[in-house]
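Visitor: Got a structure for you, run23.pdb, holding PDB, C-alpha atoms and all ligand atoms.
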```
ATOM      1  CA  MET D   3     -10.670 114.971  35.514
ATOM      2  CA  ILE D   4      -8.465 113.504  32.758
ATOM      3  CA  THR D   5      -5.779 115.808  31.318
ATOM      4  CA  MET D   6      -2.975 115.247  28.774
ATOM      5  CA  ASN D   7      -0.704 114.057  31.622
ATOM      6  CA  ASP D   8      -2.972 111.026  32.042
ATOM      7  CA  ILE D   9      -2.786 110.091  28.357
ATOM      8  CA  ILE D  10      -0.016 107.601  27.601
ATOM      9  CA  ARG D  11       1.936 107.880  24.354
ATOM     10  CA  GLU D  12       3.116 105.437  21.681
ATOM     11  CA  GLY D  13       5.837 103.179  22.999
ATOM     12  CA  HIS D  14       3.890 102.486  26.210
ATOM     13  CA  PRO D  15       3.187  98.728  26.401
ATOM     14  CA  THR D  16      -0.493  99.187  27.419
ATOM     15  CA  LEU D  17      -1.252 100.546  23.936
ATOM     16  CA  THR D  18      -0.284  97.197  22.359
ATOM     17  CA  LYS D  19      -2.229  94.948  24.738
ATOM     18  CA  VAL D  20      -5.695  93.437  24.306
ATOM     19  CA  ALA D  21      -7.862  95.090  26.975
ATOM     20  CA  LYS D  22      -9.981  93.028  29.401
ATOM     21  CA  GLU D  23     -13.774  92.762  29.185
ATOM     22  CA  VAL D  24     -15.593  94.773  31.837
ATOM     23  CA  PRO D  25     -17.816  92.614  34.084
ATOM     24  CA  LEU D  26     -21.476  93.729  33.909
ATOM     25  CA  PRO D  27     -23.359  95.178  35.652
ATOM     26  CA  PRO D  28     -20.535  97.684  36.061
ATOM     27  CA  THR D  29     -18.986  98.606  39.402
ATOM     28  CA  LYS D  30     -19.214 102.228  40.549
ATOM     29  CA  GLU D  31     -15.479 102.498  39.871
ATOM     30  CA  ASP D  32     -15.827 101.348  36.238
ATOM     31  CA  GLN D  33     -18.805 103.695  35.790
ATOM     32  CA  GLU D  34     -16.633 106.600  37.000
ATOM     33  CA  ILE D  35     -13.827 105.687  34.577
ATOM     34  CA  LEU D  36     -16.298 105.511  31.667
ATOM     35  CA  LYS D  37     -17.836 108.871  32.575
ATOM     36  CA  SER D  38     -14.378 110.443  32.845
ATOM     37  CA  LEU D  39     -13.522 109.332  29.274
ATOM     38  CA  LEU D  40     -16.631 111.062  27.907
ATOM     39  CA  GLU D  41     -15.973 114.096  30.086
ATOM     40  CA  TYR D  42     -12.491 114.395  28.539
ATOM     41  CA  VAL D  43     -13.741 114.453  24.942
ATOM     42  CA  ILE D  44     -16.496 116.930  25.781
ATOM     43  CA  ASN D  45     -14.214 119.196  27.854
ATOM     44  CA  SER D  46     -11.478 119.080  25.215
ATOM     45  CA  GLN D  47     -13.910 120.427  22.590
ATOM     46  CA  ASN D  48     -14.760 123.423  24.793
ATOM     47  CA  PRO D  49     -12.169 126.067  23.842
ATOM     48  CA  GLU D  50     -12.165 127.711  27.299
ATOM     49  CA  ILE D  51     -11.704 124.445  29.216
ATOM     50  CA  ALA D  52      -9.245 123.072  26.636
ATOM     51  CA  ASN D  53      -7.139 126.225  26.952
ATOM     52  CA  GLN D  54      -7.279 126.325  30.735
ATOM     53  CA  TYR D  55      -6.113 122.706  31.122
ATOM     54  CA  GLY D  56      -4.055 122.329  27.930
ATOM     55  CA  LEU D  57      -6.308 119.627  26.475
ATOM     56  CA  ARG D  58      -5.826 118.507  22.858
ATOM     57  CA  PRO D  59      -9.310 118.563  21.289
ATOM     58  CA  GLY D  60     -10.368 114.949  20.781
ATOM     59  CA  ILE D  61     -13.392 113.229  19.268
ATOM     60  CA  GLY D  62     -12.805 109.841  20.930
ATOM     61  CA  LEU D  63     -10.830 108.251  23.768
ATOM     62  CA  ALA D  64     -10.346 104.648  24.889
ATOM     63  CA  ALA D  65      -9.469 103.494  28.431
ATOM     64  CA  PRO D  66      -6.082 101.968  27.445
ATOM     65  CA  GLN D  67      -5.005 105.505  26.483
ATOM     66  CA  ILE D  68      -5.222 106.445  30.171
ATOM     67  CA  ASN D  69      -3.344 103.242  31.042
ATOM     68  CA  ILE D  70      -6.464 101.319  32.045
ATOM     69  CA  SER D  71      -6.526  98.075  30.083
ATOM     70  CA  LYS D  72     -10.307  97.612  30.121
ATOM     71  CA  ARG D  73     -12.798  97.587  27.239
ATOM     72  CA  MET D  74     -14.310 101.049  27.534
ATOM     73  CA  LEU D  75     -14.458 104.011  25.157
ATOM     74  CA  ALA D  76     -16.096 107.376  24.630
ATOM     75  CA  VAL D  77     -16.944 109.205  21.417
ATOM     76  CA  ASN D  78     -18.265 112.744  20.981
ATOM     77  CA  VAL D  79     -18.421 113.648  17.313
ATOM     78  CA  THR D  80     -20.732 115.458  14.898
ATOM     79  CA  ASP D  81     -21.378 113.970  11.459
ATOM     80  CA  ASN D  82     -21.525 115.948   8.206
ATOM     81  CA  LYS D  83     -25.268 116.556   8.743
ATOM     82  CA  GLY D  84     -24.698 118.092  12.178
ATOM     83  CA  ASN D  85     -25.988 115.090  14.164
ATOM     84  CA  LEU D  86     -24.125 114.569  17.442
ATOM     85  CA  PHE D  87     -22.885 111.071  18.288
ATOM     86  CA  SER D  88     -22.090 111.144  21.990
ATOM     87  CA  TYR D  89     -21.568 107.709  23.548
ATOM     88  CA  ALA D  90     -19.656 106.047  26.356
ATOM     89  CA  LEU D  91     -19.701 102.262  26.108
ATOM     90  CA  PHE D  92     -18.500  99.167  27.942
ATOM     91  CA  ASN D  93     -17.379  96.157  25.887
ATOM     92  CA  PRO D  94     -18.137  97.687  22.458
ATOM     93  CA  LYS D  95     -17.948  95.274  19.539
ATOM     94  CA  VAL D  96     -18.341  95.560  15.769
ATOM     95  CA  ILE D  97     -21.063  92.952  15.178
ATOM     96  CA  SER D  98     -21.329  93.569  11.421
ATOM     97  CA  HIS D  99     -19.701  95.717   8.780
ATOM     98  CA  SER D 100     -19.965  96.648   5.115
ATOM     99  CA  VAL D 101     -17.705  95.151   2.468
ATOM    100  CA  GLU D 102     -17.183  98.723   1.245
ATOM    101  CA  LYS D 103     -14.249 100.638   2.765
ATOM    102  CA  ALA D 104     -13.816 104.322   3.676
ATOM    103  CA  TYR D 105     -10.970 106.569   4.767
ATOM    104  CA  LEU D 106     -10.367 110.124   5.944
ATOM    105  CA  THR D 107      -8.726 112.033   3.086
ATOM    106  CA  SER D 108      -6.472 113.803   5.619
ATOM    107  CA  GLY D 109      -5.457 110.513   7.247
ATOM    108  CA  GLU D 110      -5.693 109.946  10.998
ATOM    109  CA  GLY D 111      -3.926 111.120  14.105
ATOM    110  CA  CYS D 112      -4.169 109.998  17.712
ATOM    111  CA  LEU D 113      -4.160 111.620  21.133
ATOM    112  CA  SER D 114      -1.474 109.065  22.042
ATOM    113  CA  VAL D 115       0.733 109.936  19.053
ATOM    114  CA  ASP D 116       2.722 113.193  19.127
ATOM    115  CA  ARG D 117       3.705 113.177  15.477
ATOM    116  CA  GLN D 118       2.101 113.241  12.064
ATOM    117  CA  VAL D 119       1.918 109.864  10.369
ATOM    118  CA  PRO D 120       1.009 110.360   6.707
ATOM    119  CA  GLY D 121      -1.072 107.821   4.851
ATOM    120  CA  LEU D 122      -4.532 106.433   4.221
ATOM    121  CA  VAL D 123      -6.117 104.328   6.951
ATOM    122  CA  PRO D 124      -8.575 101.850   5.419
ATOM    123  CA  ARG D 125     -11.732 101.399   7.518
ATOM    124  CA  TYR D 126     -15.135  99.818   6.935
ATOM    125  CA  ALA D 127     -17.573 102.344   5.457
ATOM    126  CA  ARG D 128     -20.400 101.195   7.757
ATOM    127  CA  VAL D 129     -20.364  99.296  11.033
ATOM    128  CA  THR D 130     -22.932  98.096  13.534
ATOM    129  CA  VAL D 131     -21.570  98.403  17.071
ATOM    130  CA  LYS D 132     -23.063  96.739  20.117
ATOM    131  CA  GLY D 133     -22.083  97.755  23.627
ATOM    132  CA  TRP D 134     -23.424  98.686  27.050
ATOM    133  CA  ASP D 135     -23.914 102.203  28.400
ATOM    134  CA  VAL D 136     -22.820 103.506  31.813
ATOM    135  CA  GLU D 137     -25.966 102.055  33.434
ATOM    136  CA  GLY D 138     -25.312  98.665  31.844
ATOM    137  CA  ASN D 139     -28.093  98.938  29.253
ATOM    138  CA  GLU D 140     -27.446  97.365  25.841
ATOM    139  CA  VAL D 141     -26.877  99.825  22.981
ATOM    140  CA  LYS D 142     -26.792  99.023  19.266
ATOM    141  CA  LEU D 143     -25.545 101.680  16.804
ATOM    142  CA  ARG D 144     -25.554 101.713  12.998
ATOM    143  CA  LEU D 145     -22.770 104.056  11.923
ATOM    144  CA  LYS D 146     -21.362 105.546   8.746
ATOM    145  CA  GLY D 147     -19.130 108.495   7.862
ATOM    146  CA  LEU D 148     -16.879 110.028  10.510
ATOM    147  CA  PRO D 149     -18.676 108.420  13.506
ATOM    148  CA  SER D 150     -18.016 104.974  11.974
ATOM    149  CA  ILE D 151     -14.308 105.834  11.571
ATOM    150  CA  VAL D 152     -14.018 107.075  15.162
ATOM    151  CA  PHE D 153     -15.605 103.948  16.663
ATOM    152  CA  GLN D 154     -13.287 101.713  14.595
ATOM    153  CA  HIS D 155     -10.239 103.747  15.704
ATOM    154  CA  GLU D 156     -11.268 103.507  19.386
ATOM    155  CA  ILE D 157     -12.193  99.790  19.261
ATOM    156  CA  ASP D 158      -8.753  99.171  17.708
ATOM    157  CA  HIS D 159      -7.214 100.657  20.889
ATOM    158  CA  LEU D 160      -9.048  97.958  22.897
ATOM    159  CA  ASN D 161      -7.293  95.380  20.730
ATOM    160  CA  GLY D 162      -3.825  96.945  20.944
ATOM    161  CA  ILE D 163      -3.956  98.272  17.381
ATOM    162  CA  MET D 164      -2.791 101.760  16.348
ATOM    163  CA  PHE D 165      -4.074 103.616  13.268
ATOM    164  CA  TYR D 166      -0.670 103.450  11.577
ATOM    165  CA  ASP D 167      -0.740  99.640  11.755
ATOM    166  CA  HIS D 168      -3.294  99.884   8.887
ATOM    167  CA  ILE D 169      -1.191 102.168   6.639
ATOM    168  CA  ASN D 170       0.454 100.582   3.593
ATOM    169  CA  GLN D 171       4.140 100.813   4.581
ATOM    170  CA  ASP D 172       5.525 100.922   1.018
ATOM    171  CA  ARG D 173       2.904 103.230  -0.539
ATOM    172  CA  PRO D 174       1.078 105.136   2.223
ATOM    173  CA  PHE D 175      -1.248 106.886  -0.259
ATOM    174  CA  GLU D 176      -1.946 103.858  -2.473
ATOM    175  CA  PRO D 177      -5.632 104.209  -3.479
ATOM    176  CA  ILE D 178      -8.004 101.862  -1.642
ATOM    177  CA  PRO D 179     -10.144 100.240  -4.379
ATOM    178  CA  GLY D 180     -13.794 101.311  -4.226
ATOM    179  CA  ALA D 181     -13.370 103.143  -0.912
ATOM    180  CA  ILE D 182     -15.434 106.189   0.077
ATOM    181  CA  ALA D 183     -13.310 109.309   0.686
ATOM    182  CA  ILE D 184     -14.459 111.203   3.799
ATOM    183  CA  GLU D 185     -13.467 114.864   3.807
ATOM    184  CA  ARG D 186     -13.028 116.534   7.178
TER     185      ARG D 186
HETATM  186  C1  LIG G   1      -8.827 112.590  17.647
HETATM  187  N1  LIG G   1      -9.226 114.375  16.137
HETATM  188  O1  LIG G   1      -9.452 113.088  18.549
HETATM  189  F1  LIG G   1     -12.427 114.260  10.411
HETATM  190  F2  LIG G   1     -14.055 117.964  12.734
HETATM  191  C2  LIG G   1      -8.212 113.429  16.540
HETATM  192  C3  LIG G   1      -6.896 114.130  16.963
HETATM  193  C4  LIG G   1      -5.886 113.076  17.358
HETATM  194  C5  LIG G   1      -6.379 114.906  15.769
HETATM  195  C6  LIG G   1      -7.115 115.063  18.123
HETATM  196  C7  LIG G   1      -9.796 114.390  14.914
HETATM  197  O2  LIG G   1      -9.491 113.603  14.045
HETATM  198  N2  LIG G   1     -10.735 115.359  14.757
HETATM  199  C8  LIG G   1     -11.548 115.578  13.671
HETATM  200  C9  LIG G   1     -11.568 114.750  12.553
HETATM  201  C10 LIG G   1     -12.404 115.037  11.481
HETATM  202  C11 LIG G   1     -13.250 116.134  11.542
HETATM  203  C12 LIG G   1     -13.229 116.923  12.681
HETATM  204  C13 LIG G   1     -12.387 116.657  13.735
HETATM  205  N3  LIG G   1      -8.651 111.235  17.599
HETATM  206  C14 LIG G   1      -9.105 110.474  18.752
HETATM  207  C15 LIG G   1      -8.116 109.486  19.269
HETATM  208  O3  LIG G   1      -6.908 109.571  19.158
HETATM  209  N4  LIG G   1      -8.657 108.481  19.898
HETATM  210  O4  LIG G   1      -7.969 107.443  20.334
HETATM  211  C16 LIG G   1      -8.145 110.523  16.446
HETATM  212  C17 LIG G   1      -9.240 110.353  15.369
HETATM  213  C18 LIG G   1      -8.639 109.830  14.053
HETATM  214  C19 LIG G   1      -9.764 109.134  13.354
HETATM  215  C20 LIG G   1     -10.841 108.912  14.345
HETATM  216  C21 LIG G   1     -10.314 109.357  15.675
HETATM  217 ZN    ZN G   2      -6.266 107.014  19.123
END
```
Could you express the structure from this file as structure tokens?

Guide:
Amino acid sequence: MITMNDIIREGHPTLTKVAKEVPLPPTKEDQEILKSLLEYVINSQNPEIANQYGLRPGIGLAAPQINISKRMLAVNVTDNKGNLFSYALFNPKVISHSVEKAYLTSGEGCLSVDRQVPGLVPRYARVTVKGWDVEGNEVKLRLKGLPSIVFQHEIDHLNGIMFYDHINQDRPFEPIPGAIAIER
């Protein structure tokens, strides 16, 4: 099982690399890695397990964060209507997105970043993501709100991009024209 000791932190070169596509159908080994990413996010949201193993509660995790430079991610997040978005995907890709932007009013953090980085992180308000599940079946998701933000944050990790790379360096809280504010 993945714990905080397996999660690499900013400054590690793997976090700035473009991760490799996963050959499909997946090997048993890649299936196990993908399942372990989802297991981490689920376990970390269980207060007993999180406490026992010292897990920081997370809503998403990408393979490069455990120093595996392959295109895999897991998300386990509830939207503002209480719908659960629980997915583990190989080779996820944003195949279309809105022109409209969105941002979390409280900014973003990261399991690989042990400090607060203030500022607005502009994201697309809506994205369509295509990927393949643990069995290698194609999945297509239309996302908005927090789930859309989480997928964009995790897909960025597959491309070596950190959330703070999107923050306006001079004016971190400069309003993003026309963007939807998402309260957490
Ligand atoms: C997180 N969690 O898991 F808007 F109920 C963050 C951490 C870094 C603070 C643990 C988080 O943002 N939780 C959250 C947000 C809400 C409402 C709510 C809970 N990640 C995952 C990560 O680092 N993946 O690589 C960071 C998030 C920032 C925006 C999306 C992912
Ligand atoms: Zn992150």

Visitor: Would you kindly translate the PyMOL selection byres (((chain D and resi 99) around 7) and not hetatm) into the concrete residues it picks from this file, as a list in words?

Guide: Ser98, Ser100, Val101, Tyr126, Arg128, Val129 and Thr130 of chain D

Visitor: Between D:Leu17, D:Ala181, D:Ile157, D:Ala76, which is the closest to Glu102 (chain D) once you count only C-alpha atoms?

Guide: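 When distances to Glu102 (chain D) are compared using only C-alpha atoms, the smallest one comes from D:Ala181.
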
Visitor: Closest to ligand LIG 1 (chain G) among D:Ile151, D:Leu143, D:Ile163, D:Val96, using all atoms listed in the file?

Guide: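 Of D:Ile151, D:Leu143, D:Ile163, D:Val96, the one nearest ligand LIG 1 (chain G), counting all atoms listed in the file, is D:Ile151.
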
Visitor: Please identify every polymer residue within 9 Å of ligand LIG 1 (chain G), using only C-alpha atoms and all ligand atoms, and present the set as a PyMOL selection string.

Guide: chain D and resi 43+58-64+67+75-77+79-82+106-116+123+148-159+164-165+184-186

Visitor: Given the file shown, determine the residues that the PyMOL selection byres (((chain D and resi 73) around 7) and not hetatm) selects; report them as a PyMOL selection string.

Guide: chain D and resi 21-24+65+71-72+74-75+92-93+160

Visitor: Which residue out of D:Ile10, D:Ile44, D:Leu26, D:Leu145 has the minimum interatomic distance to ligand ZN 2 (chain G) when only C-alpha atoms and all ligand atoms are used?

Guide: D:Ile10
